[in-house]
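Some notes on the structure that comes next.
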There are 2 protein chains.
Amino acid sequence: MPIVEIHTDQYRVPLETPLSDSTHGEMSDFGLVVVRLVDERGQIGLGYTYTVNNIGTGAIWKIIDSDLVPLLQGADPGAIDTLWKKMWWRLHFVGRGGMASFAMAAVDIALWDLRGQRESLPLWRLLGGDSAEVPAYAGGIDLDLSVQGLCAQAEGFLDQGFHAIKMKVGRARLSEDVERVSAMRELLGPNFPLMADANMRWSTDQAIAAADALEKFNLFWLEEPIVPEDLAGHARLGRGTRVPIATGENLHSVHEFEHLMTYGHVDFPEPDAATLGGITPWIEVAKIAQDRGLPVTSHGIHDIHVHLLAGVPNASYLEVHGFGLERFLEQRLQLKDGKAIAPDSPGHGVALDLDGLRPFRQATGSSHD
Amino acid sequence: MPIVEIHTDQYRVPLETPLSDSTHGEMSDFGLVVVRLVDERGQIGLGYTYTVNNIGTGAIWKIIDSDLVPLLQGADPGAIDTLWKKMWWRLHFVGRGGMASFAMAAVDIALWDLRGQRESLPLWRLLGGDSAEVPAYAGGIDLDLSVQGLCAQAEGFLDQGFHAIKMKVGRARLSEDVERVSAMRELLGPNFPLMADANMRWSTDQAIAAADALEKFNLFWLEEPIVPEDLAGHARLGRGTRVPIATGENLHSVHEFEHLMTYGHVDFPEPDAATLGGITPWIEVAKIAQDRGLPVTSHGIHDIHVHLLAGVPNASYLEVHGFGLERFLEQRLQLKDGKAIAPDSPGHGVALDLDGLRPFRQATGSSHD
């Protein structure tokens, strides 16, 4: 049942509300690259990846269209591991992470979706999960909000039924972060899971100082305190604070996670299937974490990650953060009592409104056998 | 003196003679991306990067054209470090190595070339070098040659005046590698610098076995015995053999070199300015190596690397290997008594025959103030 048709589309989508964090500044739009793989029976696997402020989107589309499609056309979509390795080695000299991982991710997610269709199983069952429910947190992108605005946002999250919330830190002065986290802790009560995300804003010394100042607020985790490649800095952080550290959204290969876990330090590895090369390496990172007694969490594209976290035994919280894609989904993520529920339809069950996306299309390609 | 014009061109160039090694199989063509930065005075900085078998070339061109040109237009080309950091952070989420580093390399090399023009200094003097001469070796891409063919190739290199030669290893059986290295050693005499390159063909155990079998042939270095991201494997190799290890052509960030030197093992770090993000990070790797008492060598684009090795105090051999670009250069690398000589013209002195390249052009872009 080979792949007989491949469609690749690139979109640039404006955000309805611009967002901001300590590193990316204002984010006004995002890039989306969609891959559809069609097998001989006409079943369709859908995969996608995204970019921030549309940076790199054209290149990612180009990698798929020029360098991966020739490898996929006519291939057996069931041999996912083999195809993944072929993509890795085809792109190796220019790849091993970065944009190559984004491109491979869109393809790999489509392969897993197609496998789910063929086996008539939702992705979370295909992966061996025993429950569709995953504890979820609301990811606020709120560094520029006032303390009042931050708390109002949190109340909105509580009204939506969330039982865990993440806020941004990394303001110009640490005292501002302390004030903001303190206000949130007061609002939410002492044991409510509250995470804080610094988006790589600090040096290691600053991060240790921040962890010291924030320790009394019982953070569930402190996310991305420093740049991802500073392994020695992470090791020092791990020795220097008891506040649990989450990181991973900027790591784009299994190797980078291995190095961080071996030579650095992380308590909550946070792989993003859309930027790591897909579901195949995401599961690998989850297993490496499990071998070390660590949980795994997620970043972005919650509609895919809800399946992955439901499919592994060491799941921590799912980040719920749609990044503007929600309005092009035929069905939004189901939430109940603070838990996200993975759909029961075959594959990942994400149906994109391609007609609604058409006005935002930047490039398109099709390949037929 | 801001940048007022930017030209970006993408080429796919067939090799006159297909090449082969243990990992890339047959290489039939290469990709070339050329950046020209023009300042207000009309001075032009030329930079370029290349790909193997043209994989990734379109994406690299697209990164420059879509994501880097807006940042460069109107910028001060003298603020190279600042521009480099801006490029790094602009591409950060999709970058930190891989194709982003190739794209940044073409721009960074153009910035350094322009700086040389402005200061009327050749690059090697700009970097602080005191001699234009660099010991050079001929890099044979010869895994598929017979032993006779291999030795005939070596005799050709000797006739060209080379005093050092690199050959490929990684044949199906280790005994074949032993036979080939033995024949070369016999031809060249006991003290002639002979390197061997395995192109990541082996596991760590196989690499240690190969190093054991090849130790008696006094290799100057054994290159890329294993995959670049296996830090623990490199550490084990470093403990397991006295044969010096070279590696680096597949590492595309300073961080990857730092990690290899800190947690893995390498005796001859081998950064490639065209794939590492340019001259700026190449110099950084050379300095880190120097701090650890290590030399630095090069990979590919010898016309640029001859300047860089002449410009640093810890230079080892220059790889002379043009990869098909030679026929589009107005002046070929000067060789004398086994040494390469960096040109004395301002900048890197590489003049590409853009008219000759035109039939191979795949994409082009121009931006004017």
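Identifiers in this document derive from the order of the structure tokens: chains are assigned A, B, ..., residues are numbered from 1 separately in each chain, and ligands are numbered from 1 in order of occurrence.
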Please provide as a PDB file with N, CA, C and O atoms, in the first residue's frame all residues within 8 Å of B:Ile60, with the sequence filter that same-chain residues fewer than 5 positions apart are discarded (counting only C-alpha atoms).
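Result went into out.pdb, see below:
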ATOM      1  N   ALA A  59      11.789  27.782   3.956  1.00  0.00           N
ATOM      2  CA  ALA A  59      12.879  26.811   3.866  1.00  0.00           C
ATOM      3  C   ALA A  59      12.397  25.413   4.261  1.00  0.00           C
ATOM      4  O   ALA A  59      12.748  24.419   3.619  1.00  0.00           O
TER       5      ALA A  59
ATOM      6  N   VAL B  33      25.427  28.191  -2.905  1.00  0.00           N
ATOM      7  CA  VAL B  33      24.632  29.391  -2.648  1.00  0.00           C
ATOM      8  C   VAL B  33      25.605  30.551  -2.468  1.00  0.00           C
ATOM      9  O   VAL B  33      26.528  30.470  -1.654  1.00  0.00           O
ATOM     10  N   MET B  99      20.832  23.761   8.590  1.00  0.00           N
ATOM     11  CA  MET B  99      20.826  24.652   7.416  1.00  0.00           C
ATOM     12  C   MET B  99      20.973  26.118   7.779  1.00  0.00           C
ATOM     13  O   MET B  99      21.500  26.900   6.992  1.00  0.00           O
ATOM     14  N   ALA B 100      20.512  26.501   8.966  1.00  0.00           N
ATOM     15  CA  ALA B 100      20.676  27.887   9.393  1.00  0.00           C
ATOM     16  C   ALA B 100      22.160  28.268   9.387  1.00  0.00           C
ATOM     17  O   ALA B 100      22.530  29.378   9.002  1.00  0.00           O
ATOM     18  N   PHE B 102      24.531  26.975   7.507  1.00  0.00           N
ATOM     19  CA  PHE B 102      25.002  27.118   6.120  1.00  0.00           C
ATOM     20  C   PHE B 102      24.631  28.509   5.598  1.00  0.00           C
ATOM     21  O   PHE B 102      25.437  29.187   4.955  1.00  0.00           O
ATOM     22  N   ALA B 103      23.385  28.913   5.864  1.00  0.00           N
ATOM     23  CA  ALA B 103      22.904  30.207   5.375  1.00  0.00           C
ATOM     24  C   ALA B 103      23.708  31.351   6.005  1.00  0.00           C
ATOM     25  O   ALA B 103      24.175  32.266   5.321  1.00  0.00           O
TER      26      ALA B 103
END
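In this structure, the chain A residues at most 7 Å away from chain B are Ile55, Gly56, Gly58, Ala59, Ile60, Lys62, Ile63, Asp67, Leu91, Phe93, Val94, Gly95, Arg96, Gly97, Gly98, Met99, Glu229, Asn250 and His255 of chain A, with only C-alpha atoms considered.
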Convert the current residue selection to file output with all heavy atoms, as a compact mmCIF listing (two decimals), in the first residue's frame.
# COMPACT_ATOMS: atom_id res chain seq x y z
N ILE A 55 9.44 32.74 10.61
CA ILE A 55 10.86 32.59 10.27
C ILE A 55 11.18 31.13 9.92
O ILE A 55 10.93 30.23 10.73
CB ILE A 55 11.76 33.04 11.44
CG1 ILE A 55 11.54 34.50 11.79
CG2 ILE A 55 13.24 32.77 11.11
CD1 ILE A 55 12.04 35.48 10.78
N GLY A 56 11.70 30.92 8.74
CA GLY A 56 12.13 29.57 8.33
C GLY A 56 11.07 28.76 7.61
O GLY A 56 11.36 27.67 7.11
N GLY A 58 9.43 29.05 4.73
CA GLY A 58 9.67 28.76 3.31
C GLY A 58 10.75 27.71 3.13
O GLY A 58 10.65 26.83 2.27
N ALA A 59 11.79 27.78 3.96
CA ALA A 59 12.88 26.81 3.87
C ALA A 59 12.40 25.41 4.26
O ALA A 59 12.75 24.42 3.62
CB ALA A 59 14.04 27.25 4.76
N ILE A 60 11.57 25.34 5.30
CA ILE A 60 11.06 24.04 5.75
C ILE A 60 10.20 23.40 4.65
O ILE A 60 10.32 22.22 4.35
CB ILE A 60 10.28 24.20 7.07
CG1 ILE A 60 11.25 24.61 8.19
CG2 ILE A 60 9.53 22.92 7.43
CD1 ILE A 60 10.56 25.18 9.43
N LYS A 62 10.44 23.97 1.53
CA LYS A 62 11.36 23.63 0.44
C LYS A 62 12.09 22.31 0.70
O LYS A 62 12.28 21.50 -0.22
CB LYS A 62 12.37 24.76 0.26
CG LYS A 62 13.25 24.65 -0.96
CD LYS A 62 12.51 25.01 -2.22
CE LYS A 62 13.38 24.78 -3.45
NZ LYS A 62 12.58 24.72 -4.68
N ILE A 63 12.50 22.08 1.95
CA ILE A 63 13.18 20.82 2.29
C ILE A 63 12.26 19.65 1.97
O ILE A 63 12.66 18.66 1.36
CB ILE A 63 13.54 20.76 3.80
CG1 ILE A 63 14.54 21.86 4.16
CG2 ILE A 63 14.12 19.40 4.16
CD1 ILE A 63 14.66 22.10 5.67
N ASP A 67 13.59 17.80 -1.12
CA ASP A 67 14.53 16.80 -0.63
C ASP A 67 13.86 15.56 -0.03
O ASP A 67 14.47 14.49 0.00
CB ASP A 67 15.48 17.43 0.40
CG ASP A 67 16.25 18.61 -0.19
OD1 ASP A 67 16.73 18.49 -1.34
OD2 ASP A 67 16.35 19.66 0.46
N LEU A 91 19.26 14.01 4.76
CA LEU A 91 19.49 15.41 5.14
C LEU A 91 20.72 15.58 6.03
O LEU A 91 21.01 16.69 6.47
CB LEU A 91 18.25 15.95 5.89
CG LEU A 91 16.94 16.00 5.10
CD1 LEU A 91 15.80 16.46 6.01
CD2 LEU A 91 17.06 16.94 3.90
N PHE A 93 24.04 15.89 6.20
CA PHE A 93 25.10 16.90 6.15
C PHE A 93 24.55 18.30 6.46
O PHE A 93 25.22 19.11 7.10
CB PHE A 93 25.80 16.88 4.77
CG PHE A 93 26.96 17.82 4.66
CD1 PHE A 93 28.01 17.78 5.57
CD2 PHE A 93 27.02 18.77 3.64
CE1 PHE A 93 29.09 18.66 5.47
CE2 PHE A 93 28.10 19.64 3.54
CZ PHE A 93 29.13 19.59 4.45
N VAL A 94 23.33 18.56 6.02
CA VAL A 94 22.71 19.88 6.27
C VAL A 94 21.71 19.82 7.43
O VAL A 94 21.01 20.80 7.69
CB VAL A 94 22.01 20.41 5.01
CG1 VAL A 94 23.02 20.75 3.93
CG2 VAL A 94 20.97 19.41 4.49
N GLY A 95 21.62 18.66 8.10
CA GLY A 95 20.53 18.46 9.05
C GLY A 95 20.97 18.22 10.48
O GLY A 95 21.63 19.05 11.06
N ARG A 96 20.56 17.04 11.02
CA ARG A 96 20.87 16.71 12.41
C ARG A 96 20.28 17.73 13.38
O ARG A 96 20.88 18.05 14.39
CB ARG A 96 22.39 16.59 12.62
CG ARG A 96 23.05 15.49 11.80
CD ARG A 96 24.56 15.47 11.98
NE ARG A 96 24.90 15.52 13.36
CZ ARG A 96 25.35 16.61 13.99
NH1 ARG A 96 25.53 17.75 13.32
NH2 ARG A 96 25.61 16.57 15.26
N GLY A 97 19.09 18.21 13.09
CA GLY A 97 18.45 19.21 13.95
C GLY A 97 17.98 20.37 13.11
O GLY A 97 17.88 20.26 11.88
N GLY A 98 17.71 21.49 13.76
CA GLY A 98 17.30 22.70 13.04
C GLY A 98 16.12 22.44 12.12
O GLY A 98 15.24 21.63 12.41
N MET A 99 16.12 23.16 11.00
CA MET A 99 14.96 23.10 10.09
C MET A 99 14.71 21.71 9.53
O MET A 99 13.57 21.37 9.23
CB MET A 99 15.15 24.09 8.97
CG MET A 99 15.02 25.52 9.49
SD MET A 99 15.28 26.77 8.24
CE MET A 99 16.40 27.85 9.13
N GLU A 229 21.92 25.13 24.94
CA GLU A 229 23.16 24.40 24.68
C GLU A 229 24.19 24.49 25.79
O GLU A 229 25.24 23.86 25.72
CB GLU A 229 23.80 24.78 23.34
CG GLU A 229 23.88 26.24 23.02
CD GLU A 229 22.57 26.78 22.46
OE1 GLU A 229 22.16 26.42 21.36
OE2 GLU A 229 21.96 27.58 23.19
N ASN A 250 13.58 24.17 22.49
CA ASN A 250 14.58 24.56 21.50
C ASN A 250 15.56 23.45 21.15
O ASN A 250 16.54 23.69 20.44
CB ASN A 250 15.34 25.80 21.99
CG ASN A 250 14.52 27.06 21.78
OD1 ASN A 250 14.26 27.46 20.65
ND2 ASN A 250 14.05 27.66 22.86
N HIS A 255 19.48 13.44 20.18
CA HIS A 255 20.83 13.59 20.71
C HIS A 255 20.94 14.78 21.66
O HIS A 255 21.59 14.71 22.69
CB HIS A 255 21.83 13.76 19.57
CG HIS A 255 21.79 12.64 18.60
ND1 HIS A 255 22.19 11.36 18.93
CD2 HIS A 255 21.38 12.56 17.32
CE1 HIS A 255 22.03 10.56 17.90
NE2 HIS A 255 21.54 11.27 16.90
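For stretch 350-354 of chain A, the list of residues within 8 Å, based on only C-alpha atoms and with local chain neighbours fewer than 6 positions off taken out, reads A:Leu46, A:Asp303, A:Ile304, A:Phe328, A:Leu329, A:Glu330, A:Gln331.
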Could you turn the residues from that selection into a file that holds N, CA, C and O atoms, as a PDB file, in the first residue's frame?
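Output (part_31.pdb):
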ATOM      1  N   LEU A  46      -2.156  13.143   7.637  1.00  0.00           N
ATOM      2  CA  LEU A  46      -1.926  14.585   7.720  1.00  0.00           C
ATOM      3  C   LEU A  46      -0.847  14.882   8.761  1.00  0.00           C
ATOM      4  O   LEU A  46      -0.923  14.398   9.897  1.00  0.00           O
ATOM      5  N   ASP A 303      -2.883  19.250  20.104  1.00  0.00           N
ATOM      6  CA  ASP A 303      -3.763  18.245  19.481  1.00  0.00           C
ATOM      7  C   ASP A 303      -3.010  16.963  19.146  1.00  0.00           C
ATOM      8  O   ASP A 303      -3.602  15.888  19.097  1.00  0.00           O
ATOM      9  N   ILE A 304      -1.712  17.078  18.901  1.00  0.00           N
ATOM     10  CA  ILE A 304      -0.886  15.882  18.674  1.00  0.00           C
ATOM     11  C   ILE A 304      -0.362  15.365  20.017  1.00  0.00           C
ATOM     12  O   ILE A 304      -0.432  14.166  20.320  1.00  0.00           O
ATOM     13  N   PHE A 328      -8.612  27.086  12.759  1.00  0.00           N
ATOM     14  CA  PHE A 328      -8.620  26.307  11.519  1.00  0.00           C
ATOM     15  C   PHE A 328      -8.798  24.809  11.774  1.00  0.00           C
ATOM     16  O   PHE A 328      -8.530  23.992  10.902  1.00  0.00           O
ATOM     17  N   LEU A 329      -9.215  24.482  12.993  1.00  0.00           N
ATOM     18  CA  LEU A 329      -9.436  23.073  13.333  1.00  0.00           C
ATOM     19  C   LEU A 329     -10.933  22.780  13.328  1.00  0.00           C
ATOM     20  O   LEU A 329     -11.726  23.567  13.847  1.00  0.00           O
ATOM     21  N   GLU A 330     -11.295  21.642  12.754  1.00  0.00           N
ATOM     22  CA  GLU A 330     -12.714  21.304  12.740  1.00  0.00           C
ATOM     23  C   GLU A 330     -13.199  20.926  14.129  1.00  0.00           C
ATOM     24  O   GLU A 330     -14.360  21.108  14.459  1.00  0.00           O
ATOM     25  N   GLN A 331     -12.306  20.381  14.963  1.00  0.00           N
ATOM     26  CA  GLN A 331     -12.693  20.067  16.333  1.00  0.00           C
ATOM     27  C   GLN A 331     -11.591  20.514  17.292  1.00  0.00           C
ATOM     28  O   GLN A 331     -10.423  20.176  17.103  1.00  0.00           O
TER      29      GLN A 331
END
Closest to A:Gly311 among A:Asp355, A:Asp212, A:Asp130, A:Glu119, using only C-alpha atoms?
A:Asp130
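Separating atom CA of A:Arg236 from atom CA of A:Gly264 is a distance of 8.0 Å.
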